file entry14.cif (mmCIF, C-alpha atoms)
data_final
#
loop_
_atom_site.label_atom_id
_atom_site.label_comp_id
_atom_site.auth_asym_id
_atom_site.auth_seq_id
_atom_site.Cartn_x
_atom_site.Cartn_y
_atom_site.Cartn_z
CA MET A 1 109.42 -99.13 17.40
CA THR A 2 107.82 -98.56 20.77
CA VAL A 3 105.97 -95.48 21.83
CA THR A 4 106.68 -94.31 25.34
CA ALA A 5 104.18 -92.31 27.31
CA LYS A 6 105.18 -88.79 28.19
CA ARG A 7 106.38 -88.71 31.76
CA ARG A 8 104.33 -86.35 33.88
CA SER A 9 106.16 -83.44 35.43
CA ARG A 10 106.34 -83.09 39.19
CA ARG A 11 104.05 -80.07 38.82
CA GLU A 12 101.42 -82.23 37.06
CA GLU A 13 101.72 -84.90 39.75
CA ILE A 14 101.24 -82.33 42.52
CA LEU A 15 98.29 -80.82 40.68
CA GLU A 16 96.60 -84.21 40.36
CA ILE A 17 97.05 -84.80 44.09
CA ALA A 18 95.65 -81.34 44.87
CA VAL A 19 92.62 -81.93 42.63
CA GLY A 20 91.87 -85.21 44.40
CA LEU A 21 92.14 -83.58 47.82
CA PHE A 22 90.05 -80.55 46.82
CA ALA A 23 87.38 -82.84 45.38
CA ALA A 24 87.32 -85.06 48.46
CA ARG A 25 87.55 -82.44 51.21
CA GLY A 26 86.60 -79.17 49.57
CA TYR A 27 88.90 -76.29 48.78
CA HIS A 28 88.85 -74.84 52.31
CA GLY A 29 89.32 -78.27 53.86
CA VAL A 30 92.79 -78.65 52.32
CA SER A 31 95.93 -76.74 53.26
CA MET A 32 99.16 -76.38 51.33
CA ASP A 33 100.73 -78.60 54.01
CA ASP A 34 98.09 -81.29 53.32
CA ILE A 35 98.93 -81.19 49.63
CA GLY A 36 102.66 -81.25 50.38
CA THR A 37 102.29 -84.24 52.69
CA ALA A 38 100.25 -86.16 50.12
CA ALA A 39 102.81 -85.28 47.43
CA GLY A 40 105.77 -86.17 49.63
CA VAL A 41 107.16 -82.64 49.84
CA THR A 42 107.00 -79.88 52.42
CA GLY A 43 104.21 -77.37 52.04
CA PRO A 44 106.68 -74.52 51.35
CA ALA A 45 108.31 -76.58 48.57
CA LEU A 46 105.00 -76.42 46.71
CA TYR A 47 105.56 -72.72 46.17
CA HIS A 48 108.27 -73.61 43.67
CA HIS A 49 105.46 -74.94 41.47
CA PHE A 50 102.44 -72.81 42.45
CA THR A 51 101.95 -69.44 44.11
CA GLY A 52 99.19 -70.88 46.31
CA LYS A 53 95.98 -72.87 46.43
CA GLU A 54 94.13 -70.45 44.14
CA ALA A 55 96.84 -70.92 41.51
CA MET A 56 96.49 -74.71 41.84
CA LEU A 57 92.74 -74.49 41.43
CA ALA A 58 93.08 -72.27 38.36
CA ALA A 59 95.76 -74.57 36.93
CA ALA A 60 93.41 -77.51 37.38
CA LEU A 61 90.27 -75.93 35.96
CA LYS A 62 91.34 -73.73 33.05
CA PRO A 63 93.02 -76.48 30.97
CA VAL A 64 89.91 -78.63 31.42
CA SER A 65 87.70 -75.94 29.93
CA GLU A 66 90.20 -75.36 27.12
CA GLY A 67 90.35 -79.10 26.42
CA LEU A 68 86.57 -79.49 26.38
CA LEU A 69 86.22 -76.59 23.95
CA SER A 70 88.94 -77.80 21.58
CA GLY A 71 87.69 -81.39 21.78
CA GLY A 72 84.11 -80.31 21.12
CA GLN A 73 85.20 -78.22 18.15
CA ALA A 74 87.19 -81.17 16.79
CA CYS A 75 84.14 -83.47 17.09
CA VAL A 76 82.04 -81.05 15.07
CA ALA A 77 84.73 -80.37 12.46
CA ALA A 78 85.44 -84.08 11.93
CA VAL A 79 81.92 -84.72 10.62
CA GLU A 80 81.14 -81.37 9.02
CA GLY A 81 77.67 -81.43 7.55
CA ASP A 82 76.44 -84.44 9.54
CA SER A 83 74.83 -82.82 12.58
CA ARG A 84 73.38 -86.05 13.98
CA GLN A 85 76.81 -87.67 13.95
CA ALA A 86 78.34 -84.53 15.45
CA LEU A 87 75.83 -84.67 18.30
CA ALA A 88 76.55 -88.36 18.93
CA ASP A 89 80.29 -87.64 18.85
CA LEU A 90 79.92 -84.72 21.27
CA VAL A 91 78.03 -86.96 23.68
CA ASP A 92 80.66 -89.72 23.35
CA PHE A 93 83.45 -87.19 23.89
CA HIS A 94 81.85 -85.67 26.99
CA VAL A 95 80.88 -89.02 28.52
CA GLU A 96 84.46 -90.27 28.15
CA PHE A 97 85.77 -87.07 29.71
CA ALA A 98 83.29 -87.31 32.60
CA LEU A 99 84.10 -90.94 33.34
CA ALA A 100 87.84 -90.27 33.25
CA ASN A 101 87.71 -87.10 35.38
CA PRO A 102 85.13 -87.30 38.18
CA ALA A 103 87.37 -85.38 40.63
CA VAL A 104 87.78 -82.51 38.17
CA ILE A 105 84.02 -82.40 37.62
CA ALA A 106 83.44 -82.27 41.38
CA LEU A 107 85.96 -79.44 41.57
CA HIS A 108 84.15 -77.52 38.82
CA LEU A 109 80.78 -78.04 40.46
CA HIS A 110 81.80 -77.05 43.98
CA GLU A 111 84.89 -74.88 43.85
CA LEU A 112 84.92 -72.71 40.71
CA ASP A 113 83.58 -69.72 42.64
CA ARG A 114 86.65 -69.87 44.91
CA LEU A 115 88.82 -68.56 42.09
CA PRO A 116 89.74 -64.89 41.76
CA GLU A 117 87.60 -62.96 39.29
CA GLU A 118 89.91 -63.03 36.26
CA PRO A 119 90.58 -66.80 36.00
CA ARG A 120 86.94 -67.52 36.93
CA ARG A 121 85.74 -65.18 34.15
CA GLU A 122 88.06 -66.85 31.61
CA ILE A 123 86.89 -70.34 32.58
CA ARG A 124 83.24 -69.27 32.34
CA ARG A 125 83.95 -67.78 28.87
CA LEU A 126 85.47 -71.08 27.70
CA GLN A 127 82.51 -72.98 29.12
CA ARG A 128 80.04 -70.73 27.26
CA LEU A 129 81.91 -71.32 24.01
CA TYR A 130 81.74 -75.08 24.61
CA VAL A 131 78.00 -74.89 25.25
CA GLU A 132 77.57 -72.92 22.02
CA GLU A 133 79.20 -75.77 20.05
CA TRP A 134 76.44 -78.01 21.40
CA VAL A 135 73.76 -75.40 20.68
CA LYS A 136 74.91 -75.02 17.08
CA VAL A 137 74.74 -78.77 16.50
CA LEU A 138 71.52 -79.32 18.40
CA THR A 139 69.65 -76.56 16.52
CA ALA A 140 70.87 -78.08 13.24
CA VAL A 141 69.49 -81.48 14.29
CA ARG A 142 66.27 -80.07 15.76
CA SER A 143 65.41 -77.01 13.69
CA SER A 144 62.28 -76.33 15.75
CA LEU A 145 64.43 -75.45 18.78
CA SER A 146 65.51 -71.91 19.50
CA ALA A 147 69.10 -71.37 20.62
CA ALA A 148 67.84 -70.67 24.15
CA GLU A 149 65.89 -73.96 24.20
CA ALA A 150 68.91 -75.86 22.87
CA ARG A 151 71.03 -74.28 25.62
CA VAL A 152 68.59 -75.60 28.25
CA LEU A 153 68.82 -79.10 26.76
CA ALA A 154 72.63 -78.94 26.55
CA HIS A 155 72.87 -78.00 30.23
CA ALA A 156 70.44 -80.79 31.12
CA ALA A 157 72.61 -83.28 29.23
CA PHE A 158 75.72 -81.97 31.00
CA GLY A 159 73.95 -82.58 34.30
CA LEU A 160 73.41 -86.21 33.32
CA MET A 161 76.91 -86.76 31.99
CA ASN A 162 78.60 -84.85 34.82
CA SER A 163 76.97 -87.07 37.43
CA THR A 164 80.08 -89.29 37.45
CA PRO A 165 81.43 -88.04 40.81
CA PHE A 166 78.24 -89.37 42.40
CA LEU A 167 78.15 -92.79 40.72
CA GLY A 168 79.32 -95.79 42.66
CA GLY A 169 81.32 -98.63 41.24
CA GLU A 170 78.49 -101.16 41.29
CA VAL A 171 78.05 -100.80 37.52
CA ASP A 172 81.07 -101.44 35.30
CA ARG A 173 82.58 -98.55 33.33
CA PHE A 174 81.40 -99.75 29.92
CA THR A 175 77.79 -100.04 31.11
CA ARG A 176 77.97 -96.66 32.87
CA ALA A 177 79.20 -95.10 29.61
CA GLU A 178 76.37 -96.68 27.62
CA LEU A 179 73.75 -95.60 30.15
CA LEU A 180 75.06 -92.03 30.26
CA ARG A 181 75.23 -91.83 26.45
CA GLY A 182 71.68 -93.11 26.07
CA ALA A 183 70.28 -90.81 28.75
CA ALA A 184 72.07 -87.74 27.33
CA LEU A 185 70.94 -88.44 23.76
CA ALA A 186 67.38 -89.05 24.93
CA ALA A 187 67.40 -85.74 26.84
CA LEU A 188 68.79 -83.90 23.83
CA MET A 189 66.57 -85.47 21.21
CA GLY A 190 63.33 -85.76 23.16
CA SER A 191 60.79 -87.56 21.00
CA ASN A 192 62.90 -86.97 17.86
CA THR A 193 65.11 -90.07 18.31
#
call {"tool": "encode", "arguments": {"input": "entry14.cif", "output": "structure tokens"}}
result
Amino acid sequence: MTVTAKRRSRREEILEIAVGLFAARGYHGVSMDDIGTAAGVTGPALYHHFTGKEAMLAAALKPVSEGLLSGGQACVAAVEGDSRQALADLVDFHVEFALANPAVIALHLHELDRLPEEPRREIRRLQRLYVEEWVKVLTAVRSSLSAAEARVLAHAAFGLMNSTPFLGGEVDRFTRAELLRGAALAALMGSNT
């Protein structure tokens, strides 16, 4: 029996193209016509899939935050009671996400504030919940840390792992993953490794 990959919808294809363009040129540097041309459709035809650029941006960013939160929760639940393993699994999970999605990370870093208030607020809420998964695990591993201190370290580790949009291809993917994992764990654990 063979397993076939789920075919992406036209909407998903257009969204991927839009994300790449937004990441490369910035949100304001891309028009609906630019996205339509890159997707092989007229700009007005895009409105069958999205109400506008803001809707595309929200459609690109919200599922990412939802996926990070659910993936982070799954990492922690899979090794309940083993906080060190949960931390290592969270780092592995985030590094793999970051390496697979540099355009989405660039979009988050540079364009999130372009969203209307409601979707931006929801995405920020999901991001805070994701950070709190890390804080919970990190304070279990390093009991001397306060939640606020753990939050600082989690954000520092995200900065390391989310550097993928700025990394060139001179180092192979496997080595990049190992370097990012090691740097993130070192930042999180300090001298407790």
call {"tool": "atom_distance", "arguments": {"input": "entry14.cif", "atom1": "atom CA of Val152 of chain A", "atom2": "atom CA of Ala24 of chain A"}}
result
29.1 Å
call {"tool": "atom_distance", "arguments": {"input": "entry14.cif", "atom1": "atom CA of Leu57 of chain A", "atom2": "atom CA of His110 of chain A"}}
result
11.5 Å
call {"tool": "residues_around", "arguments": {"input": "entry14.cif", "residues": "Val19 of chain A", "least_positions_apart": "4", "cutoff": "9 Å", "atoms": "all atoms listed in the file", "output": "list in words"}}
result
Ile14, Leu15, Ala23, Ala24, Met56, Leu57, Ala60, Ala103, Val104 and Leu107 of chain A
call {"tool": "residues_around", "arguments": {"input": "entry14.cif", "residues": "Ile123 of chain A", "least_positions_apart": "3", "cutoff": "6 Å", "atoms": "only C-alpha atoms", "output": "list in words"}}
result
Lys62, Arg120 and Leu126 of chain A
call {"tool": "residues_around", "arguments": {"input": "entry14.cif", "residues": "Ala186 of chain A", "least_positions_apart": "3", "cutoff": "12 Å", "atoms": "all atoms listed in the file", "output": "PyMOL selection string"}}
result
chain A and resi 87-88+91+153-154+156-157+160+179-183+189-193
call {"tool": "write_last_selection", "arguments": {"input": "entry14.cif", "atoms": "C-alpha atoms", "output": "PDB file, in the frame of the given file"}}
result
ATOM      1  CA  LEU A  87      75.830 -84.670  18.300  1.00  0.00           C
ATOM      2  CA  ALA A  88      76.550 -88.360  18.930  1.00  0.00           C
ATOM      3  CA  VAL A  91      78.030 -86.960  23.680  1.00  0.00           C
ATOM      4  CA  LEU A 153      68.820 -79.100  26.760  1.00  0.00           C
ATOM      5  CA  ALA A 154      72.630 -78.940  26.550  1.00  0.00           C
ATOM      6  CA  ALA A 156      70.440 -80.790  31.120  1.00  0.00           C
ATOM      7  CA  ALA A 157      72.610 -83.280  29.230  1.00  0.00           C
ATOM      8  CA  LEU A 160      73.410 -86.210  33.320  1.00  0.00           C
ATOM      9  CA  LEU A 179      73.750 -95.600  30.150  1.00  0.00           C
ATOM     10  CA  LEU A 180      75.060 -92.030  30.260  1.00  0.00           C
ATOM     11  CA  ARG A 181      75.230 -91.830  26.450  1.00  0.00           C
ATOM     12  CA  GLY A 182      71.680 -93.110  26.070  1.00  0.00           C
ATOM     13  CA  ALA A 183      70.280 -90.810  28.750  1.00  0.00           C
ATOM     14  CA  MET A 189      66.570 -85.470  21.210  1.00  0.00           C
ATOM     15  CA  GLY A 190      63.330 -85.760  23.160  1.00  0.00           C
ATOM     16  CA  SER A 191      60.790 -87.560  21.000  1.00  0.00           C
ATOM     17  CA  ASN A 192      62.900 -86.970  17.860  1.00  0.00           C
ATOM     18  CA  THR A 193      65.110 -90.070  18.310  1.00  0.00           C
TER      19      THR A 193
END
call {"tool": "closest_residue", "arguments": {"input": "entry14.cif", "among": "A:Ala38, A:Leu61, A:Leu46, A:Ala187", "to": "Leu109 of chain A", "atoms": "all atoms listed in the file"}}
result
A:Leu61
call {"tool": "closest_residue", "arguments": {"input": "entry14.cif", "among": "A:Ala148, A:Ala58, A:Leu129, A:Leu99", "to": "Gly168 of chain A", "atoms": "only C-alpha atoms"}}
result
A:Leu99
call {"tool": "resolve_selection", "arguments": {"input": "entry14.cif", "expression": "the PyMOL selection byres ((chain A and resi 10) around 12)", "output": "list in words"}}
result
Arg7, Arg8, Ser9, Arg11, Glu12, Glu13, Ile14, Leu15, Glu16, Ile17, Gly36, Ala39, Gly40, Val41, Ala45, Leu46, His48, His49 and Phe50 of chain A
call {"tool": "resolve_selection", "arguments": {"input": "entry14.cif", "expression": "the PyMOL selection byres ((chain A and resi 128) around 12)", "output": "number ranges by chain"}}
result
A: 65-66, 68-69, 121-127, 129-135, 151, 154-155
call {"tool": "atom_distance", "arguments": {"input": "entry14.cif", "atom1": "atom CA of Phe22 of chain A", "atom2": "atom CA of Gly72 of chain A"}}
result
26.4 Å
call {"tool": "resolve_selection", "arguments": {"input": "entry14.cif", "expression": "the PyMOL selection byres ((chain A and resi 76-79) around 10)", "output": "PyMOL selection string"}}
result
chain A and resi 71-75+80-90+133-134+136-137
call {"tool": "closest_residue", "arguments": {"input": "entry14.cif", "among": "A:Pro165, A:Val95, A:Arg173, A:Ala140", "to": "His108 of chain A", "atoms": "all atoms listed in the file"}}
result
A:Pro165
